[in-house]
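What follows is the content of entry19.csv, which has CSV, N, CA and C atoms:
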```csv
chain,number,residue,atom,x,y,z
A,29,MET,N,5.2,-18.6,-0.8
A,29,MET,CA,4.4,-17.4,-0.7
A,29,MET,C,3.0,-17.8,-0.1
A,30,PRO,N,2.5,-17.1,1.0
A,30,PRO,CA,1.3,-17.5,1.6
A,30,PRO,C,0.1,-17.1,0.6
A,31,GLU,N,-1.0,-17.9,0.8
A,31,GLU,CA,-2.2,-17.5,0.1
A,31,GLU,C,-2.7,-16.1,0.4
A,32,THR,N,-3.3,-15.5,-0.5
A,32,THR,CA,-3.7,-14.1,-0.3
A,32,THR,C,-4.6,-13.9,1.0
A,33,ALA,N,-5.6,-14.7,1.1
A,33,ALA,CA,-6.5,-14.6,2.3
A,33,ALA,C,-5.8,-14.8,3.6
A,34,ASP,N,-4.8,-15.6,3.6
A,34,ASP,CA,-4.1,-16.0,4.8
A,34,ASP,C,-2.9,-15.1,5.1
A,35,HIS,N,-2.5,-14.2,4.2
A,35,HIS,CA,-1.4,-13.4,4.4
A,35,HIS,C,-1.6,-12.4,5.6
A,36,PRO,N,-0.7,-12.4,6.5
A,36,PRO,CA,-1.0,-11.6,7.7
A,36,PRO,C,-1.2,-10.1,7.4
A,37,LEU,N,-0.6,-9.5,6.4
A,37,LEU,CA,-0.9,-8.1,6.1
A,37,LEU,C,-2.3,-7.9,5.5
A,38,LEU,N,-2.9,-8.9,5.0
A,38,LEU,CA,-4.3,-8.8,4.5
A,38,LEU,C,-5.3,-9.3,5.4
A,39,SER,N,-5.0,-10.1,6.3
A,39,SER,CA,-6.0,-10.7,7.2
A,39,SER,C,-6.8,-9.7,8.1
A,40,VAL,N,-6.2,-8.5,8.3
A,40,VAL,CA,-6.8,-7.5,9.1
A,40,VAL,C,-7.8,-6.6,8.3
A,41,LEU,N,-7.9,-6.8,7.0
A,41,LEU,CA,-8.8,-6.0,6.1
A,41,LEU,C,-10.1,-6.7,5.9
A,42,ASN,N,-11.1,-5.9,5.6
A,42,ASN,CA,-12.4,-6.5,5.2
A,42,ASN,C,-12.3,-7.0,3.8
A,43,ASP,N,-13.4,-7.6,3.3
A,43,ASP,CA,-13.3,-8.3,2.0
A,43,ASP,C,-13.0,-7.3,0.8
A,44,GLU,N,-13.7,-6.1,0.8
A,44,GLU,CA,-13.4,-5.1,-0.2
A,44,GLU,C,-12.0,-4.6,-0.2
A,45,GLN,N,-11.6,-4.3,1.0
A,45,GLN,CA,-10.2,-3.8,1.2
A,45,GLN,C,-9.2,-4.8,0.8
A,46,ARG,N,-9.4,-6.1,1.2
A,46,ARG,CA,-8.5,-7.2,0.9
A,46,ARG,C,-8.4,-7.3,-0.7
A,47,ALA,N,-9.5,-7.2,-1.4
A,47,ALA,CA,-9.5,-7.4,-2.8
A,47,ALA,C,-8.7,-6.3,-3.5
A,48,ALA,N,-8.8,-5.1,-3.0
A,48,ALA,CA,-8.0,-4.0,-3.5
A,48,ALA,C,-6.5,-4.1,-3.2
A,49,ALA,N,-6.3,-4.5,-2.0
A,49,ALA,CA,-4.9,-4.6,-1.5
A,49,ALA,C,-4.1,-5.8,-2.2
A,50,ALA,N,-4.9,-6.9,-2.5
A,50,ALA,CA,-4.2,-8.1,-3.1
A,50,ALA,C,-4.1,-8.0,-4.6
A,51,HIS,N,-4.7,-7.0,-5.2
A,51,HIS,CA,-4.6,-6.9,-6.7
A,51,HIS,C,-3.2,-6.7,-7.1
A,52,PHE,N,-2.7,-7.5,-8.0
A,52,PHE,CA,-1.3,-7.5,-8.4
A,52,PHE,C,-1.0,-7.1,-9.8
A,53,GLN,N,-1.8,-7.5,-10.7
A,53,GLN,CA,-1.5,-7.2,-12.1
A,53,GLN,C,-1.9,-5.8,-12.5
A,54,GLY,N,-0.9,-4.9,-12.7
A,54,GLY,CA,-1.2,-3.6,-13.1
A,54,GLY,C,-1.6,-2.6,-12.0
A,55,PRO,N,-1.8,-1.4,-12.3
A,55,PRO,CA,-2.1,-0.4,-11.3
A,55,PRO,C,-3.5,-0.6,-10.7
A,56,ALA,N,-3.7,0.1,-9.6
A,56,ALA,CA,-5.0,0.0,-9.0
A,56,ALA,C,-5.5,1.4,-8.7
A,57,LEU,N,-6.8,1.6,-8.9
A,57,LEU,CA,-7.5,2.8,-8.5
A,57,LEU,C,-8.5,2.5,-7.5
A,58,VAL,N,-8.5,3.1,-6.3
A,58,VAL,CA,-9.5,2.9,-5.3
A,58,VAL,C,-10.2,4.2,-5.1
A,59,LEU,N,-11.5,4.1,-5.3
A,59,LEU,CA,-12.4,5.2,-5.1
A,59,LEU,C,-13.4,4.8,-4.0
A,60,ALA,N,-13.4,5.6,-2.9
A,60,ALA,CA,-14.3,5.3,-1.8
A,60,ALA,C,-14.5,6.6,-1.0
A,61,GLY,N,-15.5,6.6,-0.2
A,61,GLY,CA,-15.9,7.8,0.6
A,61,GLY,C,-15.0,8.0,1.8
A,62,ALA,N,-15.2,9.1,2.5
A,62,ALA,CA,-14.4,9.4,3.7
A,62,ALA,C,-14.6,8.4,4.8
A,63,GLY,N,-13.6,8.0,5.5
A,63,GLY,CA,-13.7,7.0,6.6
A,63,GLY,C,-13.9,5.6,6.2
A,64,SER,N,-13.7,5.3,4.9
A,64,SER,CA,-13.9,3.9,4.4
A,64,SER,C,-12.7,3.0,4.5
A,65,GLY,N,-11.6,3.6,4.9
A,65,GLY,CA,-10.4,2.8,5.1
A,65,GLY,C,-9.4,2.8,3.8
A,66,LYS,N,-9.5,3.8,3.0
A,66,LYS,CA,-8.7,3.9,1.8
A,66,LYS,C,-7.2,3.9,2.2
A,67,THR,N,-6.8,4.8,3.2
A,67,THR,CA,-5.4,4.8,3.5
A,67,THR,C,-4.9,3.5,4.1
A,68,ARG,N,-5.7,2.9,4.9
A,68,ARG,CA,-5.4,1.6,5.5
A,68,ARG,C,-5.2,0.6,4.4
A,69,THR,N,-6.1,0.6,3.4
A,69,THR,CA,-6.0,-0.3,2.2
A,69,THR,C,-4.7,-0.1,1.4
A,70,PHE,N,-4.4,1.2,1.2
A,70,PHE,CA,-3.2,1.5,0.4
A,70,PHE,C,-1.9,1.1,1.2
A,71,VAL,N,-1.9,1.3,2.5
A,71,VAL,CA,-0.8,1.0,3.3
A,71,VAL,C,-0.5,-0.6,3.2
A,72,HIS,N,-1.6,-1.3,3.4
A,72,HIS,CA,-1.5,-2.8,3.4
A,72,HIS,C,-1.2,-3.3,2.0
A,73,ARG,N,-1.7,-2.6,1.0
A,73,ARG,CA,-1.4,-3.0,-0.4
A,73,ARG,C,0.1,-2.9,-0.7
A,74,ILE,N,0.7,-1.7,-0.3
A,74,ILE,CA,2.1,-1.5,-0.5
A,74,ILE,C,2.9,-2.5,0.2
A,75,ALA,N,2.6,-2.7,1.5
A,75,ALA,CA,3.4,-3.6,2.3
A,75,ALA,C,3.2,-5.0,1.8
A,76,TYR,N,2.0,-5.4,1.3
A,76,TYR,CA,1.8,-6.7,0.7
A,76,TYR,C,2.6,-6.9,-0.6
A,77,LEU,N,2.6,-5.9,-1.4
A,77,LEU,CA,3.4,-6.0,-2.7
A,77,LEU,C,4.9,-6.2,-2.3
A,78,MET,N,5.4,-5.5,-1.3
A,78,MET,CA,6.8,-5.6,-1.0
A,78,MET,C,7.1,-6.9,-0.3
A,79,ASP,N,6.2,-7.4,0.5
A,79,ASP,CA,6.4,-8.7,1.3
A,79,ASP,C,6.2,-9.9,0.4
A,80,ALA,N,5.0,-10.0,-0.1
A,80,ALA,CA,4.5,-11.2,-0.8
A,80,ALA,C,5.0,-11.4,-2.2
A,81,HIS,N,5.2,-10.2,-2.9
A,81,HIS,CA,5.6,-10.3,-4.3
A,81,HIS,C,7.0,-9.7,-4.5
A,82,GLU,N,7.7,-9.4,-3.4
A,82,GLU,CA,9.1,-8.9,-3.5
A,82,GLU,C,9.3,-7.7,-4.4
A,83,VAL,N,8.3,-6.8,-4.4
A,83,VAL,CA,8.4,-5.6,-5.2
A,83,VAL,C,9.3,-4.6,-4.5
A,84,TYR,N,10.2,-4.0,-5.2
A,84,TYR,CA,11.1,-3.1,-4.5
A,84,TYR,C,10.4,-1.8,-4.3
A,85,PRO,N,10.7,-1.1,-3.2
A,85,PRO,CA,10.0,0.2,-2.9
A,85,PRO,C,10.2,1.2,-4.0
A,86,THR,N,11.3,1.2,-4.7
A,86,THR,CA,11.5,2.1,-5.8
A,86,THR,C,10.7,1.8,-7.0
A,87,GLU,N,10.0,0.7,-7.0
A,87,GLU,CA,9.1,0.3,-8.1
A,87,GLU,C,7.6,0.7,-7.8
A,88,ILE,N,7.4,1.3,-6.7
A,88,ILE,CA,6.1,1.7,-6.2
A,88,ILE,C,5.9,3.2,-6.2
A,89,LEU,N,4.9,3.7,-6.8
A,89,LEU,CA,4.6,5.1,-6.8
A,89,LEU,C,3.2,5.3,-6.2
A,90,ALA,N,3.1,5.9,-5.0
A,90,ALA,CA,1.8,6.2,-4.4
A,90,ALA,C,1.5,7.7,-4.6
A,91,VAL,N,0.4,8.0,-5.1
A,91,VAL,CA,0.0,9.4,-5.4
A,91,VAL,C,-1.2,9.8,-4.6
A,92,THR,N,-1.2,10.9,-3.9
A,92,THR,CA,-2.4,11.3,-3.2
A,92,THR,C,-2.5,12.9,-3.4
A,93,PHE,N,-3.5,13.5,-2.7
A,93,PHE,CA,-3.8,14.9,-3.0
A,93,PHE,C,-3.1,15.8,-2.1
A,94,THR,N,-2.8,15.5,-0.9
A,94,THR,CA,-2.2,16.4,0.1
A,94,THR,C,-0.8,15.9,0.6
A,95,ASN,N,0.0,16.8,1.0
A,95,ASN,CA,1.3,16.5,1.7
A,95,ASN,C,1.0,15.7,3.0
A,96,LYS,N,0.0,16.1,3.7
A,96,LYS,CA,-0.3,15.5,4.9
A,96,LYS,C,-0.7,14.0,4.7
A,97,ALA,N,-1.5,13.7,3.7
A,97,ALA,CA,-1.9,12.4,3.4
A,97,ALA,C,-0.7,11.5,2.9
A,98,ALA,N,0.2,12.2,2.1
A,98,ALA,CA,1.4,11.5,1.6
A,98,ALA,C,2.3,11.1,2.8
A,99,GLY,N,2.5,12.0,3.7
A,99,GLY,CA,3.3,11.8,4.9
A,99,GLY,C,2.7,10.7,5.7
A,100,GLU,N,1.4,10.7,5.9
A,100,GLU,CA,0.7,9.7,6.7
A,100,GLU,C,0.9,8.3,6.1
A,101,LEU,N,0.7,8.2,4.8
A,101,LEU,CA,0.8,7.0,4.1
A,101,LEU,C,2.2,6.4,4.2
A,102,LYS,N,3.2,7.2,4.0
A,102,LYS,CA,4.6,6.7,4.0
A,102,LYS,C,4.9,6.3,5.5
A,103,GLU,N,4.5,7.1,6.5
A,103,GLU,CA,4.8,6.7,7.9
A,103,GLU,C,4.1,5.4,8.2
A,104,ARG,N,2.9,5.2,7.8
A,104,ARG,CA,2.2,3.9,8.1
A,104,ARG,C,2.9,2.7,7.5
A,105,VAL,N,3.4,2.9,6.2
A,105,VAL,CA,4.1,1.8,5.6
A,105,VAL,C,5.4,1.5,6.3
A,106,ARG,N,6.1,2.6,6.7
A,106,ARG,CA,7.3,2.4,7.5
A,106,ARG,C,7.1,1.7,8.8
A,107,HIS,N,5.9,2.0,9.4
A,107,HIS,CA,5.6,1.3,10.7
A,107,HIS,C,5.4,-0.2,10.4
A,108,LEU,N,4.8,-0.6,9.3
A,108,LEU,CA,4.7,-2.0,9.0
A,108,LEU,C,5.9,-2.7,8.5
A,109,MET,N,6.7,-2.0,7.6
A,109,MET,CA,7.8,-2.6,6.9
A,109,MET,C,9.2,-2.2,7.4
A,110,GLY,N,9.3,-1.2,8.2
A,110,GLY,CA,10.6,-0.8,8.7
A,110,GLY,C,11.4,-0.1,7.7
A,111,ALA,N,12.7,-0.4,7.8
A,111,ALA,CA,13.7,0.3,6.9
A,111,ALA,C,13.5,0.0,5.4
A,112,LYS,N,12.8,-1.1,5.1
A,112,LYS,CA,12.6,-1.5,3.7
A,112,LYS,C,11.8,-0.4,3.0
A,113,ALA,N,11.0,0.4,3.7
A,113,ALA,CA,10.1,1.4,3.1
A,113,ALA,C,10.8,2.7,2.9
A,114,LYS,N,12.1,2.9,3.2
A,114,LYS,CA,12.7,4.2,3.2
A,114,LYS,C,12.8,4.8,1.8
A,115,ASP,N,12.8,4.0,0.7
A,115,ASP,CA,12.9,4.4,-0.6
A,115,ASP,C,11.6,4.5,-1.4
A,116,LEU,N,10.5,4.4,-0.7
A,116,LEU,CA,9.2,4.4,-1.2
A,116,LEU,C,8.9,5.8,-1.8
A,117,TRP,N,8.3,5.8,-3.0
A,117,TRP,CA,7.9,7.1,-3.6
A,117,TRP,C,6.4,7.4,-3.2
A,118,VAL,N,6.2,8.3,-2.4
A,118,VAL,CA,4.8,8.8,-2.0
A,118,VAL,C,4.8,10.3,-2.2
A,119,ASN,N,4.0,10.7,-3.1
A,119,ASN,CA,4.0,12.2,-3.4
A,119,ASN,C,2.5,12.6,-3.7
A,120,THR,N,2.4,13.9,-3.9
A,120,THR,CA,1.1,14.5,-4.3
A,120,THR,C,1.0,14.6,-5.8
A,121,PHE,N,-0.2,14.8,-6.3
A,121,PHE,CA,-0.3,15.1,-7.7
A,121,PHE,C,0.4,16.3,-8.1
A,122,HIS,N,0.6,17.2,-7.2
A,122,HIS,CA,1.2,18.5,-7.5
A,122,HIS,C,2.8,18.5,-7.5
A,123,SER,N,3.3,17.4,-6.9
A,123,SER,CA,4.8,17.4,-6.8
A,123,SER,C,5.5,16.7,-8.0
```
Written as structure tokens, that's how I'd like the structure from this file.
Amino acid sequence: MPETADHPLLSVLNDEQRAAAAHFQGPALVLAGAGSGKTRTFVHRIAYLMDAHEVYPTEILAVTFTNKAAGELKERVRHLMGAKAKDLWVNTFHS
């Protein structure tokens, strides 16, 4: 398993994003302003969990506020991870 800082899925993130994406023990809550890269951080976190820690997509639940954001998040993970991401649970708080 590659070191966190050297993992290709995390190397494109800034230090704060990398710290959030690499967090492994327990759930993570990321609070940040508009345009700060939250979606990018979540996408890379999910992909990193699946790739580096062999977490199954069915063991990941990503929750967001809007259907549009949920769709965008799932599509971006699919772009990075391909068919592995098809069973990922990405929903809104309301669903």
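The coordinates place atom CA of A:Val105 at 11.3 Å from atom CA of A:Trp117.
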Would you list, as number ranges by chain, the residues of chain A that end up in helix (DSSP H, G or I) under DSSP run on this structure's backbone?
A: 43-50, 66-80, 85-87, 95-115
Counting only C-alpha atoms, figure out which residue out of A:Arg104, A:Met109, A:Ser123, A:Thr69 gets nearest to A:Val91.
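For A:Val91, the nearest of the candidates is A:Ser123.
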For atom CA of A:Asn95 and atom C of A:Arg68, determine how far apart the two atoms are, in Å to one decimal place.
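Those two atoms sit 17.4 Å apart.
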State, in Å with one decimal place, the distance from atom CA of A:Ala80 to atom N of A:Leu37.
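According to the coordinates, atom CA of A:Ala80 and atom N of A:Leu37 are separated by 9.0 Å.
Taking chain A and asking which residues DSSP calls strand (DSSP E or B) on the backbone, you get A:Leu89, A:Ala90, A:Val91, A:Thr92, A:Trp117, A:Val118, A:Asn119, A:Thr120.
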I need the residue nearest A:Gly99 from this list: A:Ala62, A:Ala48, A:Val118, A:Met78. Use all atoms listed in the file for the distance.
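Result for the nearest residue to A:Gly99: A:Val118.
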Rank nothing, just name the residue among A:Pro55, A:Leu101, A:Ile88, A:Ala47 nearest to A:Val71, using only N, CA and C atoms.
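Ranking A:Pro55, A:Leu101, A:Ile88, A:Ala47 by distance to A:Val71, first place goes to A:Leu101.
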Residue among A:Lys114, A:Leu108, A:Arg46, A:Glu103 lying closest to A:Ala75, counting all atoms listed in the file:
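Among the listed residues, A:Leu108 lies closest to A:Ala75.
Proximity to A:Ala98 was assessed for A:Tyr76, A:His81, A:Thr67, A:Thr86 counting only C-alpha atoms; the smallest distance is recorded for A:Thr67.
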Counting only N, CA and C atoms, which of A:Val58, A:Val40, A:Asn119, A:Lys112 gets nearest to A:Thr94?
A:Asn119
Can you list, as a ChimeraX atom specification, every protein, DNA or RNA residue that comes within 8 Å of A:Leu116 when you count all atoms listed in the file, leaving out same-chain residues fewer than 6 positions away?
/A:84-90,102
